$ cat input34.tsv   # TSV, C-alpha atoms and all ligand atoms
chain	number	residue	atom	x	y	z
F	1	MET	CA	77.59	102.79	99.36
F	2	THR	CA	76.46	100.39	96.67
F	3	ALA	CA	72.90	99.17	96.25
F	4	THR	CA	73.73	96.03	98.25
F	5	SER	CA	73.63	98.10	101.43
F	6	LEU	CA	69.85	98.35	101.07
F	7	SER	CA	69.25	94.72	100.19
F	8	PRO	CA	67.97	92.19	102.71
F	9	PHE	CA	70.66	90.11	104.40
F	10	THR	CA	71.31	87.77	107.31
F	11	PHE	CA	74.37	88.16	109.51
F	12	ASN	CA	75.46	85.44	111.94
F	13	THR	CA	78.50	85.44	114.16
F	14	THR	CA	79.92	84.04	117.37
F	15	ALA	CA	77.87	85.22	120.36
F	16	SER	CA	80.70	85.98	122.75
F	17	ILE	CA	84.22	87.12	121.88
F	18	VAL	CA	86.98	87.55	124.47
F	19	PHE	CA	90.01	89.50	123.21
F	20	GLU	CA	92.73	89.60	125.87
F	21	PRO	CA	96.38	88.55	126.04
F	22	GLY	CA	96.72	85.58	128.40
F	23	SER	CA	92.99	84.80	128.32
F	24	ALA	CA	93.44	81.14	127.29
F	25	ALA	CA	94.85	80.51	130.77
F	26	ARG	CA	91.47	81.71	132.11
F	27	LEU	CA	89.47	79.25	129.98
F	28	GLY	CA	87.99	77.54	133.05
F	29	GLU	CA	86.88	80.82	134.54
F	30	ILE	CA	85.52	82.17	131.23
F	31	ALA	CA	83.69	79.08	130.01
F	32	GLY	CA	84.00	76.20	132.51
F	33	LYS	CA	80.37	76.45	133.67
F	34	ARG	CA	79.05	76.65	130.15
F	35	LEU	CA	81.06	73.60	129.05
F	36	GLY	CA	79.75	71.34	131.83
F	37	GLY	CA	81.49	68.59	133.77
F	38	ARG	CA	83.15	66.62	130.92
F	39	VAL	CA	85.05	68.42	128.20
F	40	LEU	CA	86.54	67.10	124.96
F	41	PHE	CA	89.65	69.21	124.23
F	42	VAL	CA	90.59	69.04	120.52
F	43	THR	CA	94.08	70.07	119.40
F	44	ASP	CA	97.11	68.88	117.43
F	45	PRO	CA	100.22	66.91	118.44
F	46	GLY	CA	102.64	69.79	117.79
F	47	LEU	CA	100.86	72.17	120.16
F	48	LEU	CA	100.58	69.49	122.85
F	49	LYS	CA	104.30	68.79	122.55
F	50	ILE	CA	105.33	72.42	123.06
F	51	GLY	CA	102.86	72.76	125.94
F	52	LEU	CA	100.95	75.66	124.42
F	53	ALA	CA	97.63	74.21	125.62
F	54	ASP	CA	98.81	73.37	129.15
F	55	ALA	CA	97.55	76.50	130.89
F	56	ALA	CA	94.12	76.32	129.24
F	57	ILE	CA	93.72	72.63	130.16
F	58	ALA	CA	94.91	73.26	133.73
F	59	SER	CA	92.43	76.09	134.16
F	60	LEU	CA	89.57	73.81	133.13
F	61	LYS	CA	90.70	71.10	135.53
F	62	ALA	CA	91.00	73.69	138.31
F	63	THR	CA	87.26	74.36	138.01
F	64	GLY	CA	86.55	70.66	138.55
F	65	VAL	CA	85.99	69.78	134.90
F	66	GLU	CA	87.04	66.35	133.66
F	67	VAL	CA	89.08	66.84	130.45
F	68	THR	CA	89.57	64.31	127.65
F	69	ILE	CA	92.36	65.46	125.34
F	70	PHE	CA	92.15	64.54	121.67
F	71	GLY	CA	95.49	65.68	120.25
F	72	GLU	CA	95.63	63.98	116.87
F	73	VAL	CA	94.37	66.63	114.45
F	74	GLU	CA	96.52	66.87	111.30
F	75	ALA	CA	96.64	69.56	108.59
F	76	ASP	CA	93.67	69.13	106.22
F	77	PRO	CA	91.95	66.88	108.79
F	78	SER	CA	90.42	63.65	107.53
F	79	ARG	CA	87.04	62.17	108.20
F	80	ALA	CA	88.77	59.33	110.05
F	81	THR	CA	90.36	61.82	112.44
F	82	LEU	CA	87.04	63.55	113.02
F	83	MET	CA	85.39	60.22	113.81
F	84	LYS	CA	88.18	59.35	116.26
F	85	ALA	CA	87.58	62.67	118.00
F	86	VAL	CA	83.85	61.94	118.19
F	87	GLU	CA	84.60	58.51	119.66
F	88	ALA	CA	86.97	60.03	122.23
F	89	GLY	CA	84.31	62.56	123.18
F	90	ARG	CA	81.34	60.23	123.69
F	91	GLY	CA	79.48	61.40	126.79
F	92	ALA	CA	81.14	64.82	126.82
F	93	SER	CA	79.14	67.85	127.91
F	94	GLY	CA	81.18	70.41	125.96
F	95	VAL	CA	83.96	70.78	123.37
F	96	VAL	CA	86.98	73.08	123.18
F	97	GLY	CA	88.90	73.53	119.92
F	98	PHE	CA	92.45	74.83	120.38
F	99	GLY	CA	94.82	75.40	117.46
F	100	GLY	CA	94.87	76.36	113.80
F	101	GLY	CA	91.91	76.10	111.46
F	102	SER	CA	92.15	72.29	111.33
F	103	SER	CA	91.66	71.76	115.08
F	104	LEU	CA	88.84	74.29	115.19
F	105	ASP	CA	87.11	72.62	112.23
F	106	VAL	CA	87.30	69.20	113.88
F	107	ALA	CA	86.02	70.63	117.18
F	108	LYS	CA	83.01	72.21	115.45
F	109	LEU	CA	81.88	68.95	113.89
F	110	ALA	CA	82.71	66.88	116.97
F	111	ALA	CA	80.43	69.19	118.98
F	112	LEU	CA	77.71	68.74	116.35
F	113	LEU	CA	77.97	64.97	115.94
F	114	ILE	CA	78.29	64.18	119.67
F	115	GLY	CA	75.54	66.63	120.58
F	116	SER	CA	72.98	65.58	117.97
F	117	GLY	CA	73.95	62.02	117.09
F	118	GLU	CA	73.29	62.92	113.46
F	119	ASP	CA	74.92	61.26	110.45
F	120	LEU	CA	77.79	63.28	108.96
F	121	ASN	CA	76.69	62.24	105.47
F	122	GLU	CA	73.46	64.16	105.96
F	123	ALA	CA	75.19	67.25	107.32
F	124	TRP	CA	77.43	68.07	104.30
F	125	GLY	CA	76.52	71.21	102.38
F	126	VAL	CA	74.78	74.41	103.34
F	127	ALA	CA	72.30	74.51	106.23
F	128	GLN	CA	71.89	70.71	106.36
F	129	ALA	CA	73.08	70.23	109.95
F	130	LYS	CA	70.23	69.66	112.40
F	131	GLY	CA	71.85	69.99	115.80
F	132	PRO	CA	71.74	70.59	118.65
F	133	ARG	CA	75.50	70.68	119.17
F	134	LEU	CA	77.35	70.60	122.48
F	135	PRO	CA	78.53	73.88	124.04
F	136	LEU	CA	81.59	74.93	122.04
F	137	VAL	CA	84.56	77.22	122.74
F	138	LEU	CA	87.19	77.92	120.07
F	139	ILE	CA	90.69	79.27	120.74
F	140	PRO	CA	92.72	80.07	117.59
F	141	THR	CA	96.52	79.88	117.72
F	142	THR	CA	97.11	81.31	114.24
F	143	ALA	CA	95.92	84.63	112.84
F	144	GLY	CA	94.39	83.72	109.54
F	145	THR	CA	91.51	81.31	109.13
F	146	GLY	CA	88.93	83.18	111.19
F	147	SER	CA	87.42	79.74	111.83
F	148	GLU	CA	86.37	80.87	115.33
F	149	VAL	CA	83.69	83.05	113.73
F	150	THR	CA	82.77	81.10	110.59
F	151	PRO	CA	79.94	78.55	110.28
F	152	VAL	CA	82.11	76.27	108.13
F	153	SER	CA	84.15	73.12	108.71
F	154	ILE	CA	86.21	71.55	105.92
F	155	ILE	CA	87.09	67.85	106.13
F	156	THR	CA	89.10	65.72	103.69
F	157	VAL	CA	87.18	62.66	102.55
F	158	GLY	CA	89.02	59.83	100.81
F	159	GLU	CA	92.30	60.74	99.09
F	160	GLU	CA	91.88	64.43	98.47
F	161	GLU	CA	88.21	65.36	98.20
F	162	LYS	CA	87.38	68.25	100.53
F	163	ARG	CA	83.83	68.47	101.82
F	164	GLY	CA	82.32	71.15	103.94
F	165	VAL	CA	79.57	71.58	106.48
F	166	SER	CA	78.25	75.13	106.50
F	167	SER	CA	75.65	75.91	109.13
F	168	ALA	CA	75.14	78.63	111.72
F	169	ILE	CA	74.65	75.76	114.21
F	170	ILE	CA	78.41	75.15	114.30
F	171	LEU	CA	79.32	78.75	115.13
F	172	PRO	CA	80.80	78.47	118.64
F	173	ASP	CA	79.35	80.00	121.80
F	174	VAL	CA	82.62	81.66	122.72
F	175	ALA	CA	85.79	82.64	120.82
F	176	ILE	CA	88.84	83.35	122.94
F	177	LEU	CA	91.46	85.49	121.19
F	178	ASP	CA	94.71	85.30	123.14
F	179	ALA	CA	97.51	86.90	121.11
F	180	ASP	CA	100.14	85.41	123.44
F	181	LEU	CA	99.39	82.02	121.83
F	182	THR	CA	100.60	83.38	118.48
F	183	LEU	CA	103.93	84.86	119.66
F	184	GLY	CA	105.91	81.76	118.72
F	185	LEU	CA	104.48	81.25	115.23
F	186	PRO	CA	107.30	80.91	112.68
F	187	PRO	CA	107.52	83.64	110.00
F	188	ALA	CA	106.42	81.36	107.13
F	189	ILE	CA	103.14	80.47	108.89
F	190	THR	CA	102.65	84.04	110.09
F	191	ALA	CA	103.04	85.32	106.53
F	192	ALA	CA	100.83	82.74	104.82
F	193	THR	CA	98.01	82.93	107.35
F	194	GLY	CA	98.20	86.73	107.42
F	195	ILE	CA	97.86	86.99	103.63
F	196	ASP	CA	94.98	84.48	103.79
F	197	ALA	CA	93.15	86.77	106.22
F	198	MET	CA	93.70	89.71	103.85
F	199	VAL	CA	92.25	87.63	101.01
F	200	HIS	CA	89.20	86.87	103.16
F	201	ALA	CA	88.62	90.60	103.62
F	202	ILE	CA	89.24	91.50	99.96
F	203	GLU	CA	87.01	88.72	98.60
F	204	ALA	CA	84.26	89.40	101.16
F	205	TYR	CA	84.25	93.09	100.27
F	206	ALA	CA	83.99	92.43	96.52
F	207	SER	CA	81.79	89.32	96.79
F	208	LYS	CA	78.86	89.13	94.39
F	209	SER	CA	76.95	87.06	96.93
F	210	ALA	CA	73.37	88.24	97.35
F	211	ASN	CA	74.12	88.29	101.07
F	212	ASN	CA	77.00	90.79	100.77
F	213	ASN	CA	76.06	93.37	103.34
F	214	PRO	CA	77.16	96.61	105.02
F	215	LEU	CA	78.39	94.81	108.15
F	216	SER	CA	80.71	92.56	106.15
F	217	LYS	CA	81.98	95.53	104.16
F	218	MET	CA	82.72	97.53	107.29
F	219	LEU	CA	84.42	94.58	108.97
F	220	ALA	CA	86.48	93.84	105.86
F	221	ARG	CA	87.81	97.39	105.76
F	222	GLU	CA	88.80	97.43	109.43
F	223	ALA	CA	90.37	93.99	108.97
F	224	LEU	CA	92.48	95.28	106.08
F	225	ARG	CA	93.52	98.32	108.10
F	226	LEU	CA	94.74	96.12	110.98
F	227	LEU	CA	96.31	93.43	108.80
F	228	GLY	CA	97.97	95.86	106.40
F	229	ALA	CA	99.49	97.91	109.21
F	230	ASN	CA	100.81	94.94	111.18
F	231	ILE	CA	101.75	92.02	108.93
F	232	GLU	CA	105.29	93.27	108.33
F	233	LYS	CA	105.70	94.13	112.01
F	234	VAL	CA	104.99	90.53	113.09
F	235	ILE	CA	107.35	89.20	110.42
F	236	ALA	CA	110.11	91.54	111.62
F	237	ASN	CA	109.46	90.76	115.30
F	238	GLY	CA	107.26	87.81	116.17
F	239	GLN	CA	107.27	88.86	119.82
F	240	ASP	CA	105.53	92.19	119.15
F	241	ARG	CA	102.44	91.65	121.34
F	242	ASP	CA	100.45	94.62	120.04
F	243	ALA	CA	101.05	93.70	116.41
F	244	ARG	CA	100.22	90.04	117.11
F	245	GLY	CA	96.98	91.16	118.77
F	246	ALA	CA	96.12	93.35	115.79
F	247	MET	CA	96.70	90.43	113.40
F	248	LEU	CA	94.50	88.12	115.48
F	249	LEU	CA	91.74	90.72	115.67
F	250	GLY	CA	92.08	91.56	111.96
F	251	SER	CA	91.83	87.93	110.99
F	252	MET	CA	88.71	87.51	113.14
F	253	LEU	CA	87.06	90.58	111.60
F	254	ALA	CA	87.88	89.24	108.13
F	255	GLY	CA	86.35	85.93	109.24
F	256	GLN	CA	83.15	87.66	110.33
F	257	ALA	CA	83.06	89.47	106.99
F	258	PHE	CA	83.45	86.41	104.76
F	259	ALA	CA	81.31	84.17	106.96
F	260	ASN	CA	78.42	86.35	105.79
F	261	SER	CA	79.68	87.50	102.38
F	262	PRO	CA	81.53	84.48	101.02
F	263	VAL	CA	84.90	84.32	99.27
F	264	ALA	CA	85.31	83.76	95.55
F	265	ALA	CA	87.81	82.92	92.79
F	266	VAL	CA	91.05	83.41	94.74
F	267	HIS	CA	89.94	80.62	97.07
F	268	ALA	CA	88.43	78.56	94.21
F	269	LEU	CA	91.74	78.63	92.33
F	270	ALA	CA	93.77	78.06	95.50
F	271	TYR	CA	92.01	74.79	96.37
F	272	PRO	CA	93.52	72.69	93.53
F	273	ILE	CA	96.98	73.96	94.54
F	274	GLY	CA	96.45	72.92	98.15
F	275	GLY	CA	94.61	69.69	97.36
F	276	THR	CA	96.98	68.22	94.76
F	277	PHE	CA	100.32	69.64	95.84
F	278	HIS	CA	99.73	69.97	99.60
F	279	ILE	CA	100.73	73.63	99.60
F	280	PRO	CA	99.47	75.41	102.76
F	281	HIS	CA	96.14	77.19	102.26
F	282	GLY	CA	97.45	80.72	102.84
F	283	LEU	CA	100.38	80.29	100.45
F	284	SER	CA	98.06	78.81	97.79
F	285	ASN	CA	95.93	81.94	98.03
F	286	ALA	CA	98.93	84.26	97.91
F	287	LEU	CA	100.22	82.57	94.73
F	288	VAL	CA	97.09	83.33	92.71
F	289	LEU	CA	95.93	86.52	94.47
F	290	PRO	CA	97.39	89.24	92.20
F	291	HIS	CA	96.50	87.31	89.06
F	292	VAL	CA	92.86	86.76	90.06
F	293	LEU	CA	92.46	90.42	91.07
F	294	HIS	CA	94.00	91.48	87.77
F	295	PHE	CA	91.48	89.25	85.96
F	296	ASN	CA	88.63	90.69	88.05
F	297	ALA	CA	89.66	94.31	87.58
F	298	PRO	CA	87.40	95.04	84.58
F	299	ASP	CA	84.38	94.36	86.84
F	300	ALA	CA	85.74	95.13	90.30
F	301	ALA	CA	88.27	97.95	89.95
F	302	HIS	CA	85.98	100.40	91.76
F	303	LEU	CA	85.70	98.01	94.73
F	304	TYR	CA	89.44	97.37	94.92
F	305	ALA	CA	90.05	101.12	94.64
F	306	GLU	CA	87.76	101.67	97.66
F	307	ILE	CA	89.78	99.38	99.93
F	308	ALA	CA	93.29	99.98	98.54
F	309	GLY	CA	94.03	102.75	101.03
F	310	ASP	CA	92.76	100.72	104.01
F	311	CYS	CA	95.45	98.17	103.33
F	312	PHE	CA	98.16	100.52	102.03
F	313	PRO	CA	97.46	104.10	103.22
F	314	ALA	CA	99.89	105.59	100.69
F	315	LEU	CA	97.53	104.46	97.91
F	316	ASP	CA	94.97	107.06	98.96
F	317	ARG	CA	97.15	109.48	97.01
F	318	GLU	CA	96.81	107.45	93.77
F	319	GLU	CA	94.63	109.26	91.26
F	320	GLY	CA	91.61	107.56	89.70
F	321	ILE	CA	89.95	104.18	90.08
F	322	GLN	CA	92.06	102.35	87.50
F	323	GLY	CA	95.34	103.68	88.84
F	324	ARG	CA	94.48	102.92	92.44
F	325	CYS	CA	93.27	99.40	91.57
F	326	ALA	CA	96.43	98.64	89.60
F	327	ALA	CA	98.63	99.97	92.40
F	328	PHE	CA	96.68	97.88	94.95
F	329	ILE	CA	97.32	94.68	92.99
F	330	GLU	CA	101.01	95.55	92.59
F	331	GLU	CA	101.37	96.32	96.29
F	332	LEU	CA	99.75	93.00	97.27
F	333	ALA	CA	102.18	91.09	95.04
F	334	ALA	CA	105.11	93.06	96.48
F	335	LEU	CA	103.87	92.44	100.03
F	336	SER	CA	103.81	88.65	99.53
F	337	LYS	CA	107.44	88.87	98.44
F	338	ARG	CA	108.44	91.13	101.33
F	339	VAL	CA	106.96	88.77	103.93
F	340	GLY	CA	109.00	85.96	102.41
F	341	LEU	CA	106.42	83.94	100.49
F	342	GLN	CA	107.16	82.28	97.17
F	343	THR	CA	105.43	84.15	94.40
F	344	ARG	CA	105.23	81.77	91.44
F	345	LEU	CA	103.59	78.36	91.03
F	346	ARG	CA	106.87	77.00	89.61
F	347	ASP	CA	108.63	78.01	92.87
F	348	VAL	CA	106.52	75.52	94.84
F	349	GLY	CA	107.21	72.58	92.55
F	350	ILE	CA	104.19	72.79	90.26
F	351	GLY	CA	104.98	71.81	86.65
F	352	GLU	CA	103.47	73.69	83.73
F	353	ASP	CA	101.86	70.44	82.58
F	354	ALA	CA	99.75	70.37	85.76
F	355	LEU	CA	97.94	73.63	85.04
F	356	ALA	CA	95.20	72.22	82.76
F	357	LYS	CA	94.06	69.68	85.37
F	358	MET	CA	94.13	72.41	88.03
F	359	ALA	CA	91.91	74.63	85.89
F	360	SER	CA	89.45	71.81	85.43
F	361	ASP	CA	89.51	71.08	89.20
F	362	ALA	CA	88.95	74.76	90.00
F	363	MET	CA	85.68	74.60	88.06
F	364	LYS	CA	84.35	72.21	90.72
F	365	GLN	CA	84.38	75.11	93.20
F	366	GLN	CA	81.17	76.61	91.81
F	367	ARG	CA	79.93	77.44	95.32
F	368	LEU	CA	82.82	79.95	95.48
F	369	LEU	CA	83.01	80.95	91.82
F	370	VAL	CA	79.42	82.20	91.86
F	371	ASN	CA	80.56	84.93	94.29
F	372	ASN	CA	83.30	86.21	92.00
F	373	PRO	CA	82.83	89.73	90.65
F	374	ARG	CA	83.66	88.49	87.13
F	375	PRO	CA	82.53	85.11	85.72
F	376	VAL	CA	85.44	82.62	85.45
F	377	SER	CA	85.49	79.96	82.71
F	378	GLU	CA	87.90	77.03	82.60
F	379	THR	CA	89.85	78.89	79.90
F	380	ASP	CA	90.06	81.93	82.18
F	381	ALA	CA	91.24	79.77	85.09
F	382	LEU	CA	93.98	78.27	82.93
F	383	ALA	CA	95.09	81.75	81.80
F	384	ILE	CA	95.24	82.87	85.45
F	385	TYR	CA	97.32	79.82	86.40
F	386	ARG	CA	99.64	80.47	83.45
F	387	ALA	CA	100.11	84.05	84.58
F	388	ALA	CA	100.85	82.78	88.10
F	389	TRP	CA	103.25	80.09	86.90
P	401	ZN	ZN	91.20	81.28	103.32

$ encode --input "input34.tsv" --output "structure tokens" --more "lines below"
Ligand SMILES: [Zn+2]
Amino acid sequence: MTATSLSPFTFNTTASIVFEPGSAARLGEIAGKRLGGRVLFVTDPGLLKIGLADAAIASLKATGVEVTIFGEVEADPSRATLMKAVEAGRGASGVVGFGGGSSLDVAKLAALLIGSGEDLNEAWGVAQAKGPRLPLVLIPTTAGTGSEVTPVSIITVGEEEKRGVSSAIILPDVAILDADLTLGLPPAITAATGIDAMVHAIEAYASKSANNNPLSKMLAREALRLLGANIEKVIANGQDRDARGAMLLGSMLAGQAFANSPVAAVHALAYPIGGTFHIPHGLSNALVLPHVLHFNAPDAAHLYAEIAGDCFPALDREEGIQGRCAAFIEELAALSKRVGLQTRLRDVGIGEDALAKMASDAMKQQRLLVNNPRPVSETDALAIYRAAW
């Protein structure tokens, strides 16, 4: 173990985690009492349309709970949407978030703003939220963001500025992991969100954060073991319940890891791709992943070598730190291709002339860049984008 294992740290996570296929249909039984008599149920229009939330909503109603459904969450949710959810939930006694990272993020802040009456403008940033929030249950329907165990909510303000609230107060009371909800996810979303979860684990493990800690490291390794062994299985057969469960669990473990040992330059360089070109978060990460790791290798090769075999067991046979690190980066790039993701920035419609602005935008993500194992300048960022182009 490195010296960080003996350093002081704080570890926060969701108090209660239910991992069980079909458990969303028992939402009322699991959490009805805790949520109180009037629940705001936050989700998105697509999930409502296909009826994925029906059983969960019915189970709440069956316990006598009055349910207000807010089903208008969009990808990269806006402040306006959040405020509409808060308005819809006035007087609620509890909040349920059901969906991908966007719905869970909106639910977290709706629970905070309704519960405390505080001003969102004073809650942005780290540990600024005051609380208390309403009782909160989160039910993810993708295996990737780990939002059900992270203290963070990201909201788009204005045209494309993303702001975040990071506070242990918005960790939910209960996370319900029901792999059945993920059976119908299309391959493109499965692949992008799965790679995103792997990035969470890799960046958490190698994070230079002073709060990097033995729990995060252990969780990151188990996450990589589950994600690495199952991502191709769920692409080949989306109905594979065991593999879907492993992906959901792996993504949660990665979420617990990075919630307490934050992500770094892969995410910092992915944000300008997502923000300007509206490329999904997971794909944005996948596009820069091998190139950022290659850049980091001079300072982080020993860390990548430690986890290479968790993700790709065959790499345990690679000799030496440098060889194992290089093989790990190559395998990650090859994996993105095998699961069907585009691999170059030019493939997703980004022109070479856009790279300079992206590099300058990436520099705004200092809260993430400070965690990177190797310092990243604007020149470095541009070189990484060029390599990824
Ligand atoms: Zn991510």

$ closest_residue --input "input34.tsv" --among "F:Ala265, F:Val152, F:Leu227, F:Val348" --to "Ile195 of chain F" --atoms "all atoms listed in the file"
F:Leu227

$ closest_residue --input "input34.tsv" --among "F:Thr182, F:Gln365, F:Ser167, F:Ser284" --to "ligand ZN 401 (chain P)" --atoms "all atoms listed in the file"
F:Ser284

$ closest_atom_pairs --input "input34.tsv" --of "chain F" --to "ligand ZN 401 (chain P)" --cutoff "6 Å" --atoms "only C-alpha atoms and all ligand atoms" --output "CSV"
residue,atom,partner,partner_atom,distance
F:Thr145,CA,P:ZN401,ZN,5.8
F:Asp196,CA,P:ZN401,ZN,5.0
F:His200,CA,P:ZN401,ZN,5.9

$ closest_residue --input "input34.tsv" --among "F:Thr43, F:Thr156, F:Gln342, F:Ser207" --to "Gly275 of chain F" --atoms "all atoms listed in the file"
F:Thr156

$ atom_distance --input "input34.tsv" --atom1 "atom CA of Val234 of chain F" --atom2 "atom CA of Ala143 of chain F"
10.8 Å

$ closest_residue --input "input34.tsv" --among "F:Arg346, F:Leu60, F:Arg317, F:Val292" --to "Ala333 of chain F" --atoms "all atoms listed in the file"
F:Val292

$ residues_around --input "input34.tsv" --residues "Lys108 of chain F" --least-positions-apart "5" --cutoff "8 Å" --atoms "all atoms listed in the file" --output "PyMOL selection string"
chain F and resi 97+136+153+170-172

$ residues_near_point --input "input34.tsv" --point "(105.2, 84.8, 103.0)" --cutoff "8 Å" --atoms "all atoms listed in the file" --output "NGL selection string"
:F and (187-192 or 195 or 283 or 336-342)

$ residues_near_point --input "input34.tsv" --point "(103.5, 74.6, 125.6)" --cutoff "12 Å" --atoms "only C-alpha atoms" --output "PyMOL selection string"
chain F and resi 25+44-58+99+141+180-184

$ atom_distance --input "input34.tsv" --atom1 "atom CA of Gly255 of chain F" --atom2 "atom CA of Asn372 of chain F"
17.5 Å

$ atom_distance --input "input34.tsv" --atom1 "atom CA of Pro8 of chain F" --atom2 "atom CA of Asp105 of chain F"
29.0 Å

$ closest_residue --input "input34.tsv" --among "F:His267, F:Lys357, F:Arg367, F:Arg244" --to "Ile231 of chain F" --atoms "only C-alpha atoms"
F:Arg244

$ residues_around --input "input34.tsv" --residues "Val263 of chain F" --least-positions-apart "2" --cutoff "12 Å" --atoms "only C-alpha atoms" --output "MDAnalysis selection string"
chainID F and resid 150 196:209 211:212 216 220 254:261 265:270 285 365:373

$ closest_residue --input "input34.tsv" --among "F:Gly144, F:Leu332, F:Asp178, F:Ala286" --to "Met247 of chain F" --atoms "all atoms listed in the file"
F:Gly144

$ build_atoms --input "input34.tsv" --residues "segment 104-110 of chain F" --atoms "all heavy atoms" --output "short mmCIF file (atom, residue, chain, number, x, y, z; two decimals), keeping the file's coordinate frame"
data_model
loop_
_atom_site.label_atom_id
_atom_site.label_comp_id
_atom_site.auth_asym_id
_atom_site.auth_seq_id
_atom_site.Cartn_x
_atom_site.Cartn_y
_atom_site.Cartn_z
N LEU F 104 90.13 73.64 114.95
CA LEU F 104 88.84 74.29 115.19
C LEU F 104 87.75 73.64 114.34
O LEU F 104 86.62 73.44 114.81
CB LEU F 104 88.93 75.80 114.89
CG LEU F 104 90.03 76.60 115.62
CD1 LEU F 104 89.76 78.10 115.52
CD2 LEU F 104 90.19 76.20 117.09
N ASP F 105 88.09 73.28 113.10
CA ASP F 105 87.11 72.62 112.23
C ASP F 105 86.68 71.27 112.79
O ASP F 105 85.49 70.92 112.77
CB ASP F 105 87.68 72.44 110.81
CG ASP F 105 87.57 73.72 109.98
OD1 ASP F 105 87.21 74.77 110.55
OD2 ASP F 105 87.86 73.67 108.77
N VAL F 106 87.64 70.50 113.30
CA VAL F 106 87.30 69.20 113.88
C VAL F 106 86.44 69.39 115.14
O VAL F 106 85.44 68.69 115.35
CB VAL F 106 88.57 68.38 114.20
CG1 VAL F 106 88.24 67.15 115.02
CG2 VAL F 106 89.26 67.97 112.89
N ALA F 107 86.79 70.38 115.95
CA ALA F 107 86.02 70.63 117.18
C ALA F 107 84.57 70.99 116.86
O ALA F 107 83.64 70.53 117.53
CB ALA F 107 86.68 71.75 117.99
N LYS F 108 84.38 71.81 115.83
CA LYS F 108 83.01 72.21 115.45
C LYS F 108 82.14 71.00 115.14
O LYS F 108 81.01 70.88 115.61
CB LYS F 108 83.05 73.10 114.20
CG LYS F 108 83.52 74.52 114.43
CD LYS F 108 83.73 75.17 113.05
CE LYS F 108 83.97 76.66 113.17
NZ LYS F 108 84.29 77.24 111.84
N LEU F 109 82.70 70.10 114.30
CA LEU F 109 81.88 68.95 113.89
C LEU F 109 81.79 67.90 114.98
O LEU F 109 80.77 67.21 115.09
CB LEU F 109 82.41 68.35 112.59
CG LEU F 109 82.14 69.21 111.35
CD1 LEU F 109 82.61 68.51 110.08
CD2 LEU F 109 80.65 69.56 111.22
N ALA F 110 82.82 67.80 115.83
CA ALA F 110 82.71 66.88 116.97
C ALA F 110 81.58 67.35 117.88
O ALA F 110 80.77 66.54 118.35
CB ALA F 110 84.04 66.81 117.73
#
